[in-house]
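Have a look at run_14.txt; it's compact mmCIF, C-alpha atoms (C1' of nucleotides):
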# COMPACT_ATOMS: atom_id res chain seq x y z
CA MET A 1 31.18 12.74 -8.61
CA ILE A 2 28.01 14.70 -8.16
CA THR A 3 25.39 12.80 -6.20
CA ASP A 4 23.34 15.62 -4.75
CA THR A 5 20.34 16.14 -6.95
CA GLY A 6 18.65 18.73 -4.79
CA VAL A 7 15.19 18.04 -3.44
CA PHE A 8 15.30 14.47 -4.69
CA ASP A 9 17.72 13.54 -1.92
CA ASP A 10 15.71 14.86 1.00
CA PRO A 11 16.46 12.63 4.00
CA ARG A 12 12.76 12.12 4.61
CA LEU A 13 12.43 10.67 1.15
CA THR A 14 15.30 8.36 1.97
CA ALA A 15 13.68 7.34 5.23
CA MET A 16 10.47 6.43 3.47
CA GLY A 17 12.39 4.52 0.84
CA LEU A 18 14.26 2.63 3.50
CA LEU A 19 11.03 1.60 5.17
CA ALA A 20 9.54 0.53 1.87
CA GLU A 21 12.58 -1.47 0.83
CA THR A 22 12.85 -3.16 4.18
CA PHE A 23 9.23 -4.16 4.23
CA ALA A 24 9.22 -5.36 0.63
CA GLY A 25 12.42 -7.34 1.15
CA LEU A 26 11.10 -8.88 4.33
CA GLN A 27 7.91 -9.93 2.66
CA ALA A 28 9.86 -11.52 -0.15
CA LYS A 29 11.58 -13.65 2.47
CA ILE A 30 8.41 -14.81 4.17
CA VAL A 31 6.32 -15.48 1.09
CA PRO A 32 7.84 -18.86 0.13
CA ALA A 33 7.01 -20.64 3.38
CA LEU A 34 3.43 -19.49 3.15
CA ALA A 35 3.21 -20.27 -0.54
CA ALA A 36 4.38 -23.81 0.20
CA THR A 37 1.05 -24.28 1.95
CA GLY A 38 -0.79 -22.58 -0.86
CA LEU A 39 -1.40 -19.41 1.10
CA SER A 40 -0.77 -15.87 -0.04
CA VAL A 41 0.21 -13.22 2.48
CA THR A 42 -3.34 -11.93 2.26
CA ASP A 43 -4.78 -15.38 2.91
CA PHE A 44 -2.55 -15.76 5.93
CA ASP A 45 -3.51 -12.35 7.21
CA VAL A 46 -7.19 -13.17 6.99
CA LEU A 47 -6.84 -16.60 8.58
CA ILE A 48 -4.73 -15.41 11.50
CA ARG A 49 -7.08 -12.55 12.24
CA LEU A 50 -9.95 -15.00 12.35
CA ALA A 51 -7.95 -17.35 14.55
CA ARG A 52 -7.31 -14.57 17.04
CA SER A 53 -10.90 -13.39 17.19
CA ALA A 54 -13.52 -14.58 19.61
CA GLY A 55 -15.47 -17.44 18.09
CA GLN A 56 -12.86 -17.61 15.32
CA ARG A 57 -15.13 -15.29 13.38
CA LEU A 58 -15.26 -11.74 12.09
CA ARG A 59 -17.73 -9.71 10.12
CA MET A 60 -16.75 -9.16 6.51
CA THR A 61 -16.53 -5.42 7.04
CA HIS A 62 -14.26 -5.75 10.03
CA LEU A 63 -12.05 -8.11 8.13
CA ALA A 64 -11.84 -5.54 5.38
CA THR A 65 -10.92 -2.77 7.80
CA GLN A 66 -8.35 -4.83 9.63
CA THR A 67 -6.65 -6.08 6.50
CA ALA A 68 -6.93 -2.73 4.70
CA LEU A 69 -8.58 -4.47 1.77
CA SER A 70 -11.73 -3.18 0.11
CA THR A 71 -14.94 -4.98 0.96
CA SER A 72 -15.06 -6.40 -2.53
CA GLY A 73 -11.53 -7.63 -2.05
CA ILE A 74 -12.54 -9.40 1.14
CA THR A 75 -15.54 -10.92 -0.57
CA ARG A 76 -13.20 -12.54 -3.06
CA VAL A 77 -10.56 -13.65 -0.58
CA VAL A 78 -13.24 -15.31 1.50
CA ASP A 79 -14.71 -16.82 -1.66
CA ARG A 80 -11.40 -18.50 -2.39
CA LEU A 81 -10.78 -19.61 1.17
CA GLU A 82 -14.31 -20.94 1.43
CA GLY A 83 -13.80 -22.85 -1.79
CA ARG A 84 -10.83 -24.56 -0.17
CA GLY A 85 -12.76 -25.27 3.01
CA LEU A 86 -10.57 -23.09 5.25
CA VAL A 87 -13.31 -20.63 6.06
CA ARG A 88 -17.09 -20.73 5.97
CA ARG A 89 -19.69 -17.98 5.89
CA GLU A 90 -22.41 -17.72 8.48
CA ILE A 91 -25.26 -15.31 8.21
CA CYS A 92 -25.39 -12.93 11.11
CA PRO A 93 -28.53 -13.60 13.13
CA ALA A 94 -28.58 -10.06 14.52
CA ASP A 95 -28.25 -8.39 11.13
CA ARG A 96 -29.37 -10.30 8.11
CA ARG A 97 -27.47 -8.05 5.74
CA GLY A 98 -24.25 -9.22 7.27
CA ALA A 99 -22.13 -12.33 7.25
CA PHE A 100 -19.41 -13.73 9.42
CA ALA A 101 -16.33 -15.35 8.02
CA VAL A 102 -15.63 -18.26 10.33
CA LEU A 103 -12.39 -20.23 10.51
CA THR A 104 -13.04 -23.94 9.96
CA ASP A 105 -11.17 -26.74 11.68
CA ALA A 106 -9.35 -27.35 8.41
CA GLY A 107 -8.39 -23.71 8.31
CA GLN A 108 -7.09 -23.85 11.83
CA GLU A 109 -5.01 -26.91 10.98
CA ILE A 110 -3.49 -25.32 7.90
CA LEU A 111 -2.69 -22.26 9.94
CA ALA A 112 -1.13 -24.22 12.77
CA GLY A 113 0.94 -26.10 10.24
CA VAL A 114 2.41 -23.02 8.62
CA VAL A 115 2.85 -20.76 11.64
CA GLN A 116 6.01 -22.45 12.87
CA ALA A 117 7.89 -22.00 9.62
CA HIS A 118 6.55 -18.49 9.34
CA VAL A 119 7.72 -17.51 12.81
CA ARG A 120 11.09 -19.03 12.05
CA ASP A 121 11.36 -16.83 8.97
CA ILE A 122 10.39 -13.72 10.90
CA ASP A 123 12.98 -14.57 13.48
CA ARG A 124 15.60 -15.24 10.83
CA TRP A 125 15.03 -12.08 8.83
CA PHE A 126 13.62 -9.61 11.31
CA THR A 127 13.39 -9.97 15.06
CA GLY A 128 16.48 -12.13 15.39
CA LEU A 129 18.70 -9.64 13.58
CA LEU A 130 18.31 -6.94 16.20
CA THR A 131 19.38 -6.68 19.81
CA PRO A 132 16.50 -6.69 22.32
CA GLY A 133 17.05 -2.97 22.79
CA GLN A 134 17.00 -2.25 19.09
CA LEU A 135 13.89 -4.35 18.64
CA ASP A 136 12.08 -2.62 21.50
CA GLY A 137 12.97 0.74 20.07
CA LEU A 138 11.80 -0.24 16.63
CA LEU A 139 8.50 -1.65 17.84
CA GLY A 140 7.89 1.37 20.05
CA ALA A 141 8.41 3.72 17.15
CA LEU A 142 6.23 1.60 14.87
CA ARG A 143 3.44 1.65 17.43
CA ILE A 144 3.52 5.42 17.54
CA LEU A 145 3.25 5.57 13.77
CA ARG A 146 0.67 2.83 13.47
CA ASP A 147 -1.62 4.46 15.99
CA GLU A 148 -1.56 7.62 13.90
CA VAL A 149 -1.96 6.17 10.43
CA ARG A 150 -4.30 3.29 11.24
CA PRO A 151 -6.52 4.27 14.13
CA GLY A 152 -9.12 1.72 13.04
CA ALA A 153 -6.75 -1.20 12.68
CA THR A 154 -8.33 -3.07 15.54
CA ALA A 155 -11.92 -2.66 14.36
CA GLY A 156 -14.17 -5.35 15.69
CA VAL A 157 -11.68 -7.08 17.92
CA VAL A 158 -13.17 -6.48 21.35
CA HIS A 159 -16.18 -8.71 21.30
CA PRO A 160 -18.66 -7.84 18.65
CA ALA A 161 -18.09 -11.27 17.25
CA LEU A 162 -20.96 -12.92 19.00
CA THR A 163 -23.48 -10.17 18.56
CA GLY A 164 -22.42 -8.69 15.27
CA LYS A 165 -23.08 -5.25 16.64
CA ASN A 166 -20.69 -2.38 16.28
CA GLU A 167 -20.43 -1.31 19.88
CA ALA A 168 -16.69 -1.81 20.01
CA VAL A 169 -15.74 0.20 16.99
CA ARG A 170 -14.44 3.72 16.67
CA MET B 1 -12.13 -13.23 28.47
CA ILE B 2 -9.77 -15.59 26.79
CA THR B 3 -7.46 -13.86 24.39
CA ASP B 4 -4.53 -16.25 24.31
CA THR B 5 -4.88 -18.45 21.30
CA GLY B 6 -1.56 -20.22 21.65
CA VAL B 7 0.93 -20.02 18.85
CA PHE B 8 -1.19 -17.49 17.01
CA ASP B 9 -0.16 -14.80 19.46
CA ASP B 10 3.58 -15.23 19.19
CA PRO B 11 5.19 -11.80 19.73
CA ARG B 12 7.19 -12.19 16.55
CA LEU B 13 3.97 -12.55 14.61
CA THR B 14 2.74 -9.40 16.29
CA ALA B 15 5.94 -7.57 15.41
CA MET B 16 5.59 -8.49 11.77
CA GLY B 17 1.95 -7.47 11.81
CA LEU B 18 2.85 -4.14 13.34
CA LEU B 19 5.40 -3.47 10.62
CA ALA B 20 2.92 -4.44 7.91
CA GLU B 21 0.13 -2.31 9.33
CA THR B 22 2.39 0.67 9.78
CA PHE B 23 3.72 0.50 6.28
CA ALA B 24 0.33 -0.05 4.70
CA GLY B 25 -1.20 2.76 6.71
CA LEU B 26 1.62 5.09 5.83
CA GLN B 27 1.30 4.32 2.17
CA ALA B 28 -2.41 5.02 2.31
CA LYS B 29 -1.55 8.48 3.60
CA ILE B 30 0.95 9.30 0.90
CA VAL B 31 -0.95 7.91 -2.08
CA PRO B 32 -3.41 10.79 -2.54
CA ALA B 33 -0.81 13.52 -3.07
CA LEU B 34 0.92 11.39 -5.69
CA ALA B 35 -2.35 10.37 -7.30
CA ALA B 36 -3.28 14.05 -7.62
CA THR B 37 -0.45 14.27 -10.14
CA GLY B 38 -1.53 11.06 -11.82
CA LEU B 39 1.33 9.05 -10.37
CA SER B 40 1.10 5.71 -8.63
CA VAL B 41 3.58 4.82 -5.92
CA THR B 42 5.34 2.62 -8.45
CA ASP B 43 5.53 5.45 -10.97
CA PHE B 44 7.00 7.73 -8.35
CA ASP B 45 9.49 5.10 -7.29
CA VAL B 46 10.69 4.68 -10.86
CA LEU B 47 10.91 8.39 -11.56
CA ILE B 48 12.79 9.26 -8.40
CA ARG B 49 15.29 6.48 -8.93
CA LEU B 50 15.96 7.80 -12.40
CA ALA B 51 16.26 11.34 -11.06
CA ARG B 52 18.88 10.22 -8.58
CA SER B 53 20.95 8.27 -11.07
CA ALA B 54 23.82 9.60 -13.10
CA GLY B 55 22.58 10.81 -16.44
CA GLN B 56 19.01 10.48 -15.14
CA ARG B 57 19.04 7.03 -16.66
CA LEU B 58 19.04 3.41 -15.59
CA ARG B 59 19.04 0.10 -17.40
CA MET B 60 15.69 -1.66 -17.38
CA THR B 61 17.12 -4.56 -15.43
CA HIS B 62 18.57 -2.33 -12.74
CA LEU B 63 15.28 -0.54 -12.45
CA ALA B 64 13.59 -3.88 -11.98
CA THR B 65 16.04 -4.92 -9.28
CA GLN B 66 15.85 -1.64 -7.43
CA THR B 67 12.08 -1.46 -7.47
CA ALA B 68 11.63 -5.18 -6.80
CA LEU B 69 9.38 -5.44 -9.82
CA SER B 70 9.71 -8.14 -12.45
CA THR B 71 11.36 -7.15 -15.69
CA SER B 72 8.05 -7.44 -17.47
CA GLY B 73 6.54 -5.21 -14.84
CA ILE B 74 9.21 -2.59 -15.52
CA THR B 75 8.63 -2.89 -19.25
CA ARG B 76 5.01 -1.90 -18.71
CA VAL B 77 5.64 0.85 -16.18
CA VAL B 78 8.12 2.42 -18.57
CA ASP B 79 5.64 1.90 -21.42
CA ARG B 80 3.07 3.95 -19.55
CA LEU B 81 5.51 6.63 -18.43
CA GLU B 82 6.90 6.87 -21.93
CA GLY B 83 3.38 7.24 -23.28
CA ARG B 84 2.96 10.23 -21.01
CA GLY B 85 6.31 11.69 -22.01
CA LEU B 86 7.86 11.44 -18.57
CA VAL B 87 10.47 8.90 -19.58
CA ARG B 88 12.04 7.88 -22.86
CA ARG B 89 13.91 4.77 -23.92
CA GLU B 90 17.41 4.89 -25.34
CA ILE B 91 19.12 1.91 -26.82
CA CYS B 92 22.33 1.09 -25.04
CA PRO B 93 25.25 1.62 -27.42
CA ALA B 94 27.43 -0.83 -25.52
CA ASP B 95 24.88 -3.65 -25.53
CA ARG B 96 22.27 -3.58 -28.20
CA ARG B 97 20.04 -5.99 -26.31
CA GLY B 98 19.59 -3.42 -23.60
CA ALA B 99 17.78 -0.17 -23.12
CA PHE B 100 18.02 2.75 -20.77
CA ALA B 101 15.01 4.39 -19.28
CA VAL B 102 15.82 8.10 -19.25
CA LEU B 103 13.96 10.76 -17.30
CA THR B 104 12.73 13.50 -19.61
CA ASP B 105 12.54 17.18 -18.74
CA ALA B 106 8.79 16.80 -18.42
CA GLY B 107 9.32 13.90 -16.05
CA GLN B 108 11.69 15.94 -13.97
CA GLU B 109 9.17 18.75 -13.78
CA ILE B 110 6.33 16.49 -12.72
CA LEU B 111 8.59 15.00 -10.11
CA ALA B 112 9.74 18.35 -8.78
CA GLY B 113 6.13 19.43 -8.58
CA VAL B 114 5.00 16.50 -6.48
CA VAL B 115 8.01 16.01 -4.24
CA GLN B 116 7.19 18.90 -1.95
CA ALA B 117 3.73 17.65 -1.10
CA HIS B 118 5.09 14.16 -0.78
CA VAL B 119 7.81 15.17 1.66
CA ARG B 120 5.25 17.11 3.64
CA ASP B 121 3.14 13.96 3.93
CA ILE B 122 6.10 11.88 5.01
CA ASP B 123 6.92 14.47 7.62
CA ARG B 124 3.32 14.66 8.78
CA TRP B 125 2.79 10.90 9.10
CA PHE B 126 6.24 9.49 9.70
CA THR B 127 9.43 11.36 10.44
CA GLY B 128 7.72 14.25 12.20
CA LEU B 129 5.92 11.98 14.66
CA LEU B 130 9.11 10.73 16.26
CA THR B 131 11.78 12.39 18.34
CA PRO B 132 15.16 12.66 16.62
CA GLY B 133 16.41 9.86 18.86
CA GLN B 134 13.48 7.61 18.04
CA LEU B 135 13.88 8.30 14.35
CA ASP B 136 17.59 7.56 14.40
CA GLY B 137 16.96 4.33 16.23
CA LEU B 138 14.26 3.34 13.79
CA LEU B 139 16.34 4.10 10.72
CA GLY B 140 19.35 2.32 12.17
CA ALA B 141 17.32 -0.80 12.81
CA LEU B 142 15.75 -0.63 9.37
CA ARG B 143 19.17 -0.35 7.75
CA ILE B 144 20.30 -3.49 9.51
CA LEU B 145 17.27 -5.35 8.26
CA ARG B 146 17.36 -3.90 4.76
CA ASP B 147 21.00 -4.84 4.28
CA GLU B 148 20.08 -8.43 5.10
CA VAL B 149 16.91 -8.84 3.11
CA ARG B 150 17.78 -6.69 0.10
CA PRO B 151 21.50 -6.91 -0.50
CA GLY B 152 21.00 -5.95 -4.14
CA ALA B 153 18.81 -2.94 -3.48
CA THR B 154 21.40 -0.55 -4.79
CA ALA B 155 22.09 -2.43 -8.01
CA GLY B 156 23.42 -0.20 -10.71
CA VAL B 157 23.73 2.97 -8.70
CA VAL B 158 27.47 3.50 -8.68
CA HIS B 159 28.12 4.49 -12.25
CA PRO B 160 27.23 1.83 -14.72
CA ALA B 161 24.77 4.27 -16.18
CA LEU B 162 27.05 5.65 -18.81
CA THR B 163 28.61 2.41 -19.87
CA GLY B 164 25.74 0.00 -19.36
CA LYS B 165 28.16 -2.52 -17.99
CA ASN B 166 27.62 -4.45 -14.81
CA GLU B 167 30.89 -3.79 -13.05
CA ALA B 168 29.24 -2.10 -10.10
CA VAL B 169 26.66 -4.74 -9.26
CA ARG B 170 26.47 -7.34 -6.55
C1' DT C 1 -46.17 2.15 10.89
C1' DG C 2 -44.20 3.78 6.80
C1' DT C 3 -40.57 6.19 4.42
C1' DG C 4 -35.92 7.79 3.36
C1' DG C 5 -31.22 7.43 4.22
C1' DA C 6 -27.42 4.59 5.88
C1' DT C 7 -25.05 0.16 6.05
C1' DT C 8 -23.54 -4.70 4.41
C1' DA C 9 -22.18 -7.53 1.07
C1' DT C 10 -21.72 -8.92 -3.80
C1' DT C 11 -20.86 -8.38 -8.85
C1' DG C 12 -19.07 -6.11 -13.39
C1' DC C 13 -15.36 -3.80 -15.16
C1' DA C 14 -10.74 -1.94 -15.56
C1' DT C 15 -5.93 -1.88 -14.00
C1' DC C 16 -1.76 -3.72 -12.49
C1' DA C 17 1.75 -7.16 -11.85
C1' DA C 18 3.75 -11.94 -12.18
C1' DC C 19 5.03 -16.04 -14.83
C1' DA C 20 6.29 -18.22 -18.94
C1' DA C 21 7.51 -18.17 -23.63
C1' DG C 22 9.70 -15.82 -27.42
C1' DT C 23 13.29 -12.78 -29.89
C1' DA C 24 17.60 -10.54 -30.26
C1' DT C 25 22.16 -10.06 -28.83
C1' DT C 26 26.32 -11.17 -26.29
C1' DG C 27 29.96 -14.03 -24.60
C1' DT C 28 32.41 -18.42 -24.12
C1' DT C 29 34.57 -22.48 -25.52
C1' DC C 30 36.61 -25.45 -28.53
C1' DG D 1 34.95 -18.69 -36.11
C1' DA D 2 30.94 -21.60 -35.17
C1' DA D 3 27.95 -23.43 -31.90
C1' DC D 4 25.76 -23.10 -27.56
C1' DA D 5 24.65 -21.06 -23.24
C1' DA D 6 23.49 -16.85 -20.86
C1' DT D 7 21.46 -12.27 -20.75
C1' DA D 8 18.07 -8.24 -21.81
C1' DC D 9 13.89 -7.08 -22.91
C1' DT D 10 9.03 -7.74 -24.67
C1' DT D 11 4.53 -10.02 -25.19
C1' DG D 12 0.56 -13.36 -24.07
C1' DT D 13 -1.96 -14.93 -20.45
C1' DT D 14 -3.67 -15.32 -15.82
C1' DG D 15 -4.80 -13.86 -11.17
C1' DA D 16 -5.65 -10.34 -7.68
C1' DT D 17 -7.60 -5.96 -6.30
C1' DG D 18 -10.05 -1.39 -6.32
C1' DC D 19 -14.05 1.44 -7.82
C1' DA D 20 -18.73 1.97 -9.11
C1' DA D 21 -23.19 0.13 -9.32
C1' DT D 22 -26.64 -3.00 -7.25
C1' DA D 23 -29.58 -5.57 -3.91
C1' DA D 24 -31.01 -6.50 0.67
C1' DT D 25 -31.64 -4.99 5.18
C1' DC D 26 -31.61 -1.92 9.11
C1' DC D 27 -32.68 2.26 11.66
C1' DA D 28 -34.40 6.93 12.81
C1' DC D 29 -38.09 9.71 12.87
C1' DA D 30 -42.39 11.66 11.72
Please re-express this file's structure in structure tokens.
Amino acid sequence: MITDTGVFDDPRLTAMGLLAETFAGLQAKIVPALAATGLSVTDFDVLIRLARSAGQRLRMTHLATQTALSTSGITRVVDRLEGRGLVRREICPADRRGAFAVLTDAGQEILAGVVQAHVRDIDRWFTGLLTPGQLDGLLGALRILRDEVRPGATAGVVHPALTGKNEAVR
Amino acid sequence: MITDTGVFDDPRLTAMGLLAETFAGLQAKIVPALAATGLSVTDFDVLIRLARSAGQRLRMTHLATQTALSTSGITRVVDRLEGRGLVRREICPADRRGAFAVLTDAGQEILAGVVQAHVRDIDRWFTGLLTPGQLDGLLGALRILRDEVRPGATAGVVHPALTGKNEAVR
DNA sequence: TGTGGATTATTGCATCAACAAGTATTGTTC
DNA sequence: GAACAATACTTGTTGATGCAATAATCCACA
């Protein structure tokens, strides 16, 4: 049986497909536990980034950069989370154009409640399926790639949180 | 400075975040070349799966399974591609409920035209950034994960294409 | 100090995808 | 062979997200 279809079987294409399928499949496995708490993957991403930031707060723009959402997308995610009381907005005293998204106590509780199940899922479907050596290799390779394709992924994490200034970025 | 925020810094969470950021960043790099031809990532995924299948055709359901889209999602993707002449529908003679999506000559041409640039992007932002050893390790690990999280990812690929029957699936 | 250009966030609009319901066909069981 | 359940696909509706346009504010520089 003929399976070679020329350029359409380039191994690099296959590699990209493998990455895409793995990621999509993995996400499908972790969605339910989050959804049980009423959180989408995006919601969780926003909340956990706030939780990890100094003052449990981040400028809207930084949130957008970190999550790879558009600023309008972030506006709406924060709208929804604010409506549920998990996040609140605070105007930035140093720059009155800007706003912080701040994790509320309720948000922190929701997050703490769902993290355990989420980590269990990750362990079940990802980290726990590989030997320590395989996992280290994988993460090392991913870091190399990530640093190339998303140089700004850590925008705003150092400590602009309290001042709202951009000194830490780029 | 305090950076440890307890459970929110679990290394497994970080690993998952790294995978997500890498994949999202990579996709952002490969989208433009596809978009230049008017194709979304989903469009490309559908077209290339058809190109690789026997008879350049796949049942709608198999397409849905392989792409991880809902069947209604596939209906609409194929609607759009059919509207542009890149794909056509053929009723399945063996099961009149069903339809094949079939890659047209025009679709094959579009695909051939964009694959080169696409492969170049993948090489530039993914496979070319790693040593052969790193890449092998990465792909090996991904295969382990993929086989767990997406056991049905190859639904319909063996040779159900000509009969429309399901003998090859699951 | 005033002016023009950049930056921050929000809103209107269009697109895309999922869920649920509906239609047509197939297969199974008695 | 008739009835009923399962399957394949489509359509109506809803929600999420990006782009473009807008408003408010900041900053650099004359």
Counting all atoms listed in the file, which residues of chain C come no farther than 12 Å from chain A, as a list of chain:residue names?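 Listed by rising number, the hits are C:DT7, C:DT8, C:DA9, C:DT10, C:DT11, C:DG12.
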For chain C against region 6-12 of chain D, with a cut-off of 10 Å and counting only C-alpha atoms (C1' of nucleotides), what is the closest atom pair and its distance in Å to one decimal for every residue that makes the cut, ordered by chain and number, as a Markdown table?
| residue | atom | partner | partner_atom | distance |
| --- | --- | --- | --- | --- |
| C:DA20 | C1' | D:DG12 | C1' | 9.1 |
| C:DA21 | C1' | D:DG12 | C1' | 8.5 |
| C:DG22 | C1' | D:DT11 | C1' | 8.1 |
| C:DT23 | C1' | D:DT10 | C1' | 8.4 |
| C:DA24 | C1' | D:DA8 | C1' | 8.8 |
| C:DT25 | C1' | D:DA8 | C1' | 8.3 |
| C:DT26 | C1' | D:DT7 | C1' | 7.5 |
| C:DG27 | C1' | D:DA6 | C1' | 8.0 |
| C:DT28 | C1' | D:DA6 | C1' | 9.6 |
Would you mind listing, as a PyMOL selection string, all residues of chain A that have at least one atom within 6 Å of chain B, where all atoms listed in the file are what counts? chain A and resi 22+25-26+138+146+149-150
Interatomic distance, CA of Val102 (chain A) to CA of Gly55 (chain A) (Å, one decimal):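 These two atoms are separated by 7.8 Å.
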To one decimal in Å, tell me the separation between CA of Leu81 (chain B) and C1' of DT14 (chain D).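 Pair CA of Leu81 (chain B) / C1' of DT14 (chain D) returns 23.9 Å.
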One number please: CA of Leu47 (chain B) to CA of Pro132 (chain B), in Å, one decimal. 28.8 Å
Can I get the residues of chain D within 9 Å of chain A, each with the closest pair of atoms and their distance in Å to one decimal, using all atoms listed in the file, sorted chain first then ascending number, as CSV?
residue,atom,partner,partner_atom,distance
D:DA16,C1',A:Gly73,CA,8.6
D:DT17,C1',A:Gly73,CA,6.0
D:DG18,C1',A:Ser70,CA,6.9
D:DA24,C1',A:Arg97,CA,6.4
D:DT25,C1',A:Arg97,CA,5.2
D:DC26,C1',A:Asp95,CA,7.6
All residues 10 Å or closer to region 27-30 of chain D, all atoms listed in the file, same chain fewer than 2 positions away omitted, as a list in words: DG2, DT3, DG4, DG5, DA6 and DT7 of chain C; DT25 of chain D
